[in-house]
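Student: Got a structure for you, written out below as structure tokens; questions coming shortly.
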There are 2 protein chains.
Amino acid sequence: MKKNYLLTPGPTPLPPEVCEAQSRPIIHHRTPQFQAVLKEVTDGLKYVFQTSGDVMILTASGTGAMEAAVVNLLSAGDTAITVEGGKFGERWTELCSAYGIKPEVIKVEWGKAVDPREIERKLKANPAIKAVFTTLCETSTGVSNDIKAIGEVVKGSDAVLVVDAISGLGAVDLKTDAWSVDVCVSGSQKGLMLPPGLAFVSVSKKAWGKIDAAKCPKYYFDLKVAKKAMEKTDTPFTPAISLVIALAEALKIIRQDTLENIFIRHTKMAEATRAAMQALGLALFAPDAASDVVTAVKVPAGIDGEKLVKVMRDTYGVTIAGGQSEMKGKIFRIAHMGYIGEFDIIVGISCLEKVLKQMGYKFDLAAGVKAAQEVFLK
Amino acid sequence: MKKNYLLTPGPTPLPPEVCEAQSRPIIHHRTPQFQAVLKEVTDGLKYVFQTSGDVMILTASGTGAMEAAVVNLLSAGDTAITVEGGKFGERWTELCSAYGIKPEVIKVEWGKAVDPREIERKLKANPAIKAVFTTLCETSTGVSNDIKAIGEVVKGSDAVLVVDAISGLGAVDLKTDAWSVDVCVSGSQKGLMLPPGLAFVSVSKKAWGKIDAAKCPKYYFDLKVAKKAMEKTDTPFTPAISLVIALAEALKIIRQDTLENIFIRHTKMAEATRAAMQALGLALFAPDAASDVVTAVKVPAGIDGEKLVKVMRDTYGVTIAGGQSEMKGKIFRIAHMGYIGEFDIIVGISCLEKVLKQMGYKFDLAAGVKAAQEVFLK
């Protein structure tokens with residue numbers, strides 16, 4: 001017997017209601033039956049996005065929604081700021097470059113958050129900048145950026161603020177309207193507790209203005225076409241029906257729980273995880289800007305980081321994430337996002353302790369578990 | 001109690017194994033566990049595509065794979081033939097136009113198949129044509145095009161043959177390699193018996209040559225990036241994991257059934273459906289080029305076609321499809337594709353008879369059912 005536990009920053013575990021919903025007999029998408037579901041999820045998404053604006057559903061990975069943001073807002077030759085503090089920030093630069101948009105890259109050391117004043121300086125220095133592409137939680141480093149402060153800086157300019165909130169939306173606070181986020185992009189497999197396959201894009205009035213002028217070629221990701229369909233409670237192309245039906249279940253859970261409670265739970269799980277790591281003598285990779293959805297931890301000297309993750313997963317059934325790109329083998333990442341509760345965190349820490357002990361790392365057994373328990377008891 | 005029966009040309013009904021597979025706890029995609037599934041489905045797709053070439057999996061509707069074909073093969077300013085005999089043929093023209101590619105449109109009357117000689121003439125008249133975009137089964141009209149004959153015509157030219165086989169692949173014969181199909185595009189929700197959300201693209205050696213030179217901007221749909229990932233049994237972006245796992249189940253069923261048996265079953269279901277319609281005095285919309293996956297039928301004079309479909313669905317639980325675009329209200333379409341068997345066809349015909357009787361159309365009750373039974377008895 002091997003029982004499996006998933007503590008990765010996407011996909012995150014699925015509630016039983018979401019599993020069940022996917023397994024229902026399929027229904028046709030151009031029917032009043034499916035339209036009722038589409039209406040329900042569109043309303044639910046506005047609650048999660050904290051917006052009264054449009055939120056469109058795309059059948060794609062989160063990257064598809066990122067591409068939708070770029071090609072709908074801009075034209076070849078335009079200039080845009082991209083904030084690169086990890087693998088997903090780099091994706092904005094790559095996307096802009098692919099469409100002939102000049103990226104004004106703000107390089108941020110991996111493990112640090114961007115300084116909003118740097119965005120402000122760049123915007124003032126170059127009024128031609130049309131968009132600022134940022135990341136809420138940079139999954140590759142466990143860093144959380146201060147979107148509220150960035151919104152303050154961008155809203156006075158002619159540029160639109162685009163936030164990759166694929167990791168974090170529905171788990172930590174992101175007030176799309178109140179923080180002046182013009183385009184917020186998300187995916188299904190993180191805070192929304194679904195399998196991957198759906199992506200979401202919110203669009204502000206300011207952003208619709210840019211979209212009307214944008215000339216990048218597009219078809220599948222054309223947001224004007226998506227909006228036109230949405231106005232008739234439809235989608236331009238056959239959507240991932242079973243995932244949309246599962247989304248309705250996930251949104252019911254989120255509404256019942258309320259965003260307020262969800263944010264408190266995530267903060268507590270993050271604090272518990274960080275306390276546990278410190279109690280084990282492990283260093284956080286992003287101590288100054290740690291996200292509340294995933295904790296990145298430095299692999300201690302003498303320990304094989306890739307083996308640690310592998311043994312936890314393949315021998316004991318506890319899946320956490322290793323480092324990506326330049327951080328491969330140097331960090332590991334424990335997610336506390338979506339359908340994960342305090343006892344899942346205890347399981348994760350307990351398994352980490354077991355494997356670290358077996359690998360010869362010195363610490364007091366249960367020190368991490370105890371530190372987490374103390375946070376959860378408060 | 002209302003029991004539901006789905007007889008639409010996408011989505012098609014799901015086998016119980018596919019429903020169950022989707023409901024399993026989610027696993028992470030960058031693990032040996034998921035890699036084993038990816039390897040299995042890649043092999044299975046090659047069997048279904050009848051190719052030894054590459055078949056890539058995209059997380060998107062079928063239209064995403066159509067866009068992938070266009071943007072990977074061509075550059076703005078190129079010329080390509082598009083065959084327009086229905087809504088999905090028109091989509092090729094729209095896609096080309098969106099990316100600055102000049103479409104040489106071959107207009108085919110709705111309900112007819114394209115004449116391969118017309119493609120031949122256009123190719124000879126303009127050697128600059130780089131691609132020919134066609135449709136296997138034009139779902140909007142129920143027409144099947146002769147891809148084998150088109151392949152004969154295109155293979156001698158410098159152009160590549162691209163086939164939208166979203167509707168039809170895995171249900172009727174399409175020999176990607178033997179018929180010289182360079183890029184074959186498909187989706188999950190038709191012959192493959194899955195929910196929508198995955199799309200597939202096969203690429204021949206000739207097509208890879210074009211891809212190397214193509215300059216359309218792209219990122220999410222970049223097939224070179226997808227191929228590079230596939231070589232490491234990976235995907236460039238988080239795939240629709242639950243659908244890929246369900247795909248493995250669907251492919252097991254297809255392999256056990258064998259393509260040969262599947263094709264015979266579809267032909268028989270199509271013959272039975274056509275015989276039933278004729279026995280009811282109804283005219284086929286595409287008598288000369290009827291596809292074996294969906295039968296389009298003219299709504300008889302005096303009958304409200306939209307109401308017919310609505311009553312069958314909302315009163316009796318039997319969902320067939322109405323007409324799309326210019327055919328709205330003028331035809332209805334009964335699918336016999338994927339996880340549909342002979343008795344589902346009997347149900348569909350029986351319900352159609354019931355509602356036609358109620359709407360005052362004159363015919364002998366059970367005439368359609370009997371004609372279908374006779375075909376199935378042979």
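Labeling convention for the structure tokens: chains A, B, ... as they appear, residues from 1 per chain, ligands from 1 in order of appearance.
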Could you write out as a PyMOL selection string the residues of chain B within 7 Å of chain A, counting only C-alpha atoms?
Tutor: chain B and resi 11+13-14+19-20+22-26+28+59-61+63-64+95+98-99+195-197+217-220+237-242
Student: Can you write out the residues you just picked, keeping N, CA and C atoms, as a compact mmCIF listing (two decimals), in the first residue's frame?
Tutor:
```
# COMPACT_ATOMS: atom_id res chain seq x y z
N PRO B 11 -19.61 17.42 -28.03
CA PRO B 11 -19.05 16.21 -27.44
C PRO B 11 -19.89 14.99 -27.76
N PRO B 13 -20.74 10.88 -26.25
CA PRO B 13 -20.83 10.29 -24.90
C PRO B 13 -19.49 9.69 -24.44
N LEU B 14 -19.32 9.60 -23.14
CA LEU B 14 -18.07 9.09 -22.56
C LEU B 14 -18.25 7.66 -22.05
N CYS B 19 -15.02 8.36 -17.73
CA CYS B 19 -15.60 9.13 -16.61
C CYS B 19 -14.82 8.86 -15.33
N GLU B 20 -14.59 7.61 -15.07
CA GLU B 20 -13.91 7.22 -13.82
C GLU B 20 -12.49 7.79 -13.78
N GLN B 22 -11.23 10.41 -15.05
CA GLN B 22 -11.20 11.84 -14.76
C GLN B 22 -11.38 12.15 -13.28
N SER B 23 -12.06 11.24 -12.59
CA SER B 23 -12.41 11.51 -11.19
C SER B 23 -11.33 11.07 -10.22
N ARG B 24 -10.23 10.51 -10.74
CA ARG B 24 -9.15 10.06 -9.84
C ARG B 24 -8.45 11.25 -9.20
N PRO B 25 -7.82 11.02 -8.03
CA PRO B 25 -7.01 12.10 -7.45
C PRO B 25 -5.97 12.55 -8.47
N ILE B 26 -5.72 13.83 -8.52
CA ILE B 26 -4.82 14.36 -9.54
C ILE B 26 -3.37 14.00 -9.18
N HIS B 28 0.91 14.93 -10.19
CA HIS B 28 1.72 16.01 -10.74
C HIS B 28 2.26 15.59 -12.11
N THR B 59 -3.15 21.47 -24.92
CA THR B 59 -4.30 21.72 -24.06
C THR B 59 -5.07 22.89 -24.68
N ALA B 60 -6.15 22.56 -25.40
CA ALA B 60 -6.92 23.57 -26.14
C ALA B 60 -8.12 22.88 -26.78
N SER B 61 -9.05 23.68 -27.28
CA SER B 61 -10.09 23.16 -28.15
C SER B 61 -9.44 22.78 -29.48
N THR B 63 -9.83 24.05 -32.28
CA THR B 63 -9.44 25.27 -33.00
C THR B 63 -8.02 25.69 -32.64
N GLY B 64 -7.60 25.43 -31.41
CA GLY B 64 -6.22 25.72 -31.01
C GLY B 64 -5.23 24.94 -31.86
N LEU B 95 -8.63 31.86 -39.96
CA LEU B 95 -7.32 31.73 -39.30
C LEU B 95 -6.21 32.29 -40.17
N ALA B 98 -6.36 36.05 -40.23
CA ALA B 98 -5.92 36.65 -38.96
C ALA B 98 -4.40 36.79 -38.90
N TYR B 99 -3.68 35.91 -39.60
CA TYR B 99 -2.22 35.93 -39.55
C TYR B 99 -1.60 36.48 -40.83
N PRO B 195 -13.99 14.18 -23.02
CA PRO B 195 -14.51 15.55 -23.00
C PRO B 195 -13.64 16.45 -23.86
N PRO B 196 -14.13 17.60 -24.30
CA PRO B 196 -13.26 18.55 -24.99
C PRO B 196 -12.19 19.09 -24.05
N GLY B 197 -11.09 19.59 -24.63
CA GLY B 197 -10.02 20.19 -23.83
C GLY B 197 -8.64 19.79 -24.28
N PRO B 217 4.21 34.75 -35.74
CA PRO B 217 4.54 34.75 -34.32
C PRO B 217 3.74 33.69 -33.58
N LYS B 218 4.33 33.11 -32.55
CA LYS B 218 3.65 32.05 -31.78
C LYS B 218 4.40 31.82 -30.48
N TYR B 219 3.73 31.30 -29.52
CA TYR B 219 4.39 30.93 -28.26
C TYR B 219 3.71 29.68 -27.70
N TYR B 220 2.46 29.83 -27.23
CA TYR B 220 1.75 28.69 -26.62
C TYR B 220 1.61 27.54 -27.62
N PHE B 237 4.00 23.21 -21.31
CA PHE B 237 3.18 23.90 -20.29
C PHE B 237 2.35 22.85 -19.57
N THR B 238 1.86 23.21 -18.38
CA THR B 238 1.07 22.26 -17.59
C THR B 238 -0.10 21.73 -18.43
N PRO B 239 -0.12 20.44 -18.72
CA PRO B 239 -1.19 19.92 -19.58
C PRO B 239 -2.47 19.68 -18.76
N ALA B 240 -3.57 19.43 -19.47
CA ALA B 240 -4.84 19.08 -18.81
C ALA B 240 -4.72 17.64 -18.30
N ILE B 241 -4.09 17.50 -17.14
CA ILE B 241 -3.67 16.18 -16.62
C ILE B 241 -4.82 15.17 -16.58
N SER B 242 -5.97 15.58 -16.05
CA SER B 242 -7.06 14.60 -15.89
C SER B 242 -7.56 14.12 -17.26
```
Student: Neighbours of region 171-184 of chain B within 6 Å (only C-alpha atoms; same-chain residues fewer than 3 positions away dropped), as a PyMOL selection string?
Tutor: chain B and resi 49-51+148+151+160-163+168+191+201-204+207+263
Student: Those same residues - C-alpha atoms - I'd like them written as a CSV table (one decimal), in the first residue's frame.
Tutor:
```csv
chain,number,residue,atom,x,y,z
B,49,PHE,CA,-3.5,8.7,-36.5
B,50,GLN,CA,-2.0,5.8,-38.5
B,51,THR,CA,1.4,7.5,-38.5
B,148,LYS,CA,-7.0,10.1,-50.0
B,151,GLY,CA,-3.5,13.6,-50.8
B,160,VAL,CA,1.7,20.6,-47.5
B,161,LEU,CA,-1.7,19.0,-46.9
B,162,VAL,CA,-3.4,20.0,-43.7
B,163,VAL,CA,-6.5,18.1,-42.6
B,168,GLY,CA,-13.9,11.8,-37.7
B,191,GLY,CA,-14.1,9.9,-32.1
B,201,VAL,CA,-1.4,17.7,-34.2
B,202,SER,CA,0.6,15.2,-36.3
B,203,VAL,CA,3.5,16.5,-38.3
B,204,SER,CA,5.2,14.9,-41.3
B,207,ALA,CA,5.8,19.7,-42.8
B,263,PHE,CA,-14.7,1.9,-38.9
```
Student: Could you work out how far CA of Ala335 (chain B) lies from CA of Ala286 (chain B), giving the answer in Å with one decimal?
Tutor: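 Calculated distance between CA of Ala286 (chain B) and CA of Ala335 (chain B) is 14.1 Å.
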Student: Please identify which residues in region 295-373 of chain B DSSP calls alpha helix (DSSP H) from the backbone, and express them as a ChimeraX atom specification.
Tutor: /B:305-314,342-358,367-373
Student: From a DSSP pass on the backbone, collect the residues of region 125-285 of chain A flagged as strand (DSSP E or B) and hand them back as a ChimeraX atom specification.
Tutor: /A:129-135,137-138,143-144,160-164,169,172,183-187,198-203,284
Student: May I ask which of the residues A:Lys102, A:Lys268, A:Gly305, A:Met312 is the closest one to Glu342 (chain A), counting only C-alpha atoms?
Tutor: A:Lys268
Student: Can you measure CA of Lys107 (chain A) to CA of Lys210 (chain A) for me? One decimal in Å is fine.
Tutor: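 Computing it gives 25.7 Å between the two atoms.
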Student: Could you work out how far CA of Cys137 (chain B) lies from CA of Ala279 (chain B), giving the answer in Å with one decimal?
Tutor: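 We find that CA of Ala279 (chain B) and CA of Cys137 (chain B) lie 24.4 Å from each other.
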Student: Applying 10 Å and only C-alpha atoms, which residues near Ala149 (chain B) remain after dropping the ones on its own chain fewer than 4 positions away? List them as a list in words.
Tutor: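 Once the nearby chain positions are removed, what remains is Asp115, Pro116, Arg117, Asn145, Val153, Val154, Trp179 and Ser180 of chain B.
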Student: Print the selection's residues with C-alpha atoms to a file, as a tab-separated table (two decimals), in the first residue's frame.
Tutor:
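Okay, part.tsv is ready:
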```tsv
chain	number	residue	atom	x	y	z
B	115	ASP	CA	-13.54	18.10	-56.10
B	116	PRO	CA	-9.84	17.18	-55.71
B	117	ARG	CA	-9.24	18.30	-59.30
B	145	ASN	CA	-14.21	14.88	-48.14
B	153	VAL	CA	-3.04	15.66	-55.73
B	154	VAL	CA	-1.05	17.58	-53.10
B	179	TRP	CA	-2.48	9.25	-47.77
B	180	SER	CA	0.30	11.87	-47.53
```
Student: Which residues come within 10 Å of Leu38 (chain B), counting only C-alpha atoms, excluding same-chain residues fewer than 6 positions away, as a VMD selection string?
Tutor: chain B and resid 29 32 44 57 230 233 to 235 241 244 to 245 247 to 248
Student: May I have the selected residues written with C-alpha atoms, as an mmCIF file, in the first residue's frame?
Tutor:
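Okay, result_19.cif is ready:
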```
data_model
loop_
_atom_site.group_PDB
_atom_site.id
_atom_site.type_symbol
_atom_site.label_atom_id
_atom_site.label_comp_id
_atom_site.auth_asym_id
_atom_site.auth_seq_id
_atom_site.Cartn_x
_atom_site.Cartn_y
_atom_site.Cartn_z
ATOM 1 C CA HIS B 29 2.791 16.271 -14.374
ATOM 2 C CA PRO B 32 7.788 9.518 -13.725
ATOM 3 C CA GLY B 44 -1.740 5.216 -28.773
ATOM 4 C CA ILE B 57 -0.828 16.979 -27.513
ATOM 5 C CA MET B 230 7.993 15.502 -26.144
ATOM 6 C CA THR B 233 8.436 12.793 -22.444
ATOM 7 C CA ASP B 234 7.256 16.174 -21.212
ATOM 8 C CA THR B 235 4.962 19.032 -22.250
ATOM 9 C CA ILE B 241 -3.672 16.184 -16.616
ATOM 10 C CA VAL B 244 -4.582 13.031 -20.538
ATOM 11 C CA ILE B 245 -5.182 10.284 -17.974
ATOM 12 C CA LEU B 247 -7.152 9.665 -22.882
ATOM 13 C CA ALA B 248 -5.087 6.666 -21.818
#
```
Student: Quick one: residues within 9 Å of region 45-47 of chain B, only C-alpha atoms, excluding same-chain residues fewer than 6 positions away - as a PyMOL selection string?
Tutor: chain B and resi 53-56+200+202+251+255+259
Student: Kindly export the residues of the current selection with C-alpha atoms, as a CSV table (one decimal), in the first residue's frame.
Tutor:
```csv
chain,number,residue,atom,x,y,z
B,53,GLY,CA,5.5,10.6,-37.3
B,54,ASP,CA,5.1,13.0,-34.4
B,55,VAL,CA,1.8,13.5,-32.8
B,56,MET,CA,1.7,16.4,-30.2
B,200,PHE,CA,-3.7,16.8,-31.3
B,202,SER,CA,0.6,15.2,-36.3
B,251,LEU,CA,-7.0,4.7,-26.2
B,255,ARG,CA,-6.8,-0.6,-29.2
B,259,LEU,CA,-9.6,0.6,-35.8
```
Student: Which neighbours of Glu326 (chain A) fall inside 12 Å, counting only C-alpha atoms, when residues of the same chain fewer than 5 positions from it are skipped, and could you give them as a ChimeraX atom specification?
Tutor: /A:85-87,110,140-141,331
Student: Generate the output file for the selected residues, N, CA and C atoms, as a short mmCIF file (atom, residue, chain, number, x, y, z; two decimals), in the first residue's frame.
Tutor:
```
data_model
loop_
_atom_site.label_atom_id
_atom_site.label_comp_id
_atom_site.auth_asym_id
_atom_site.auth_seq_id
_atom_site.Cartn_x
_atom_site.Cartn_y
_atom_site.Cartn_z
N GLY A 85 11.66 37.88 -12.04
CA GLY A 85 12.26 37.45 -10.78
C GLY A 85 12.20 35.94 -10.63
N GLY A 86 12.00 35.27 -11.77
CA GLY A 86 11.90 33.82 -11.74
C GLY A 86 11.42 33.33 -13.08
N LYS A 87 11.15 32.05 -13.15
CA LYS A 87 10.82 31.40 -14.41
C LYS A 87 9.55 31.98 -15.04
N TRP A 110 16.54 36.34 -7.98
CA TRP A 110 15.64 35.25 -7.61
C TRP A 110 15.57 35.18 -6.07
N SER A 140 8.29 29.74 -8.98
CA SER A 140 9.63 29.15 -9.07
C SER A 140 10.52 29.54 -7.90
N THR A 141 10.19 30.62 -7.22
CA THR A 141 11.04 31.09 -6.13
C THR A 141 10.30 31.22 -4.79
N ILE A 331 16.90 24.11 -4.32
CA ILE A 331 15.78 24.38 -3.40
C ILE A 331 14.75 23.26 -3.53
#
```
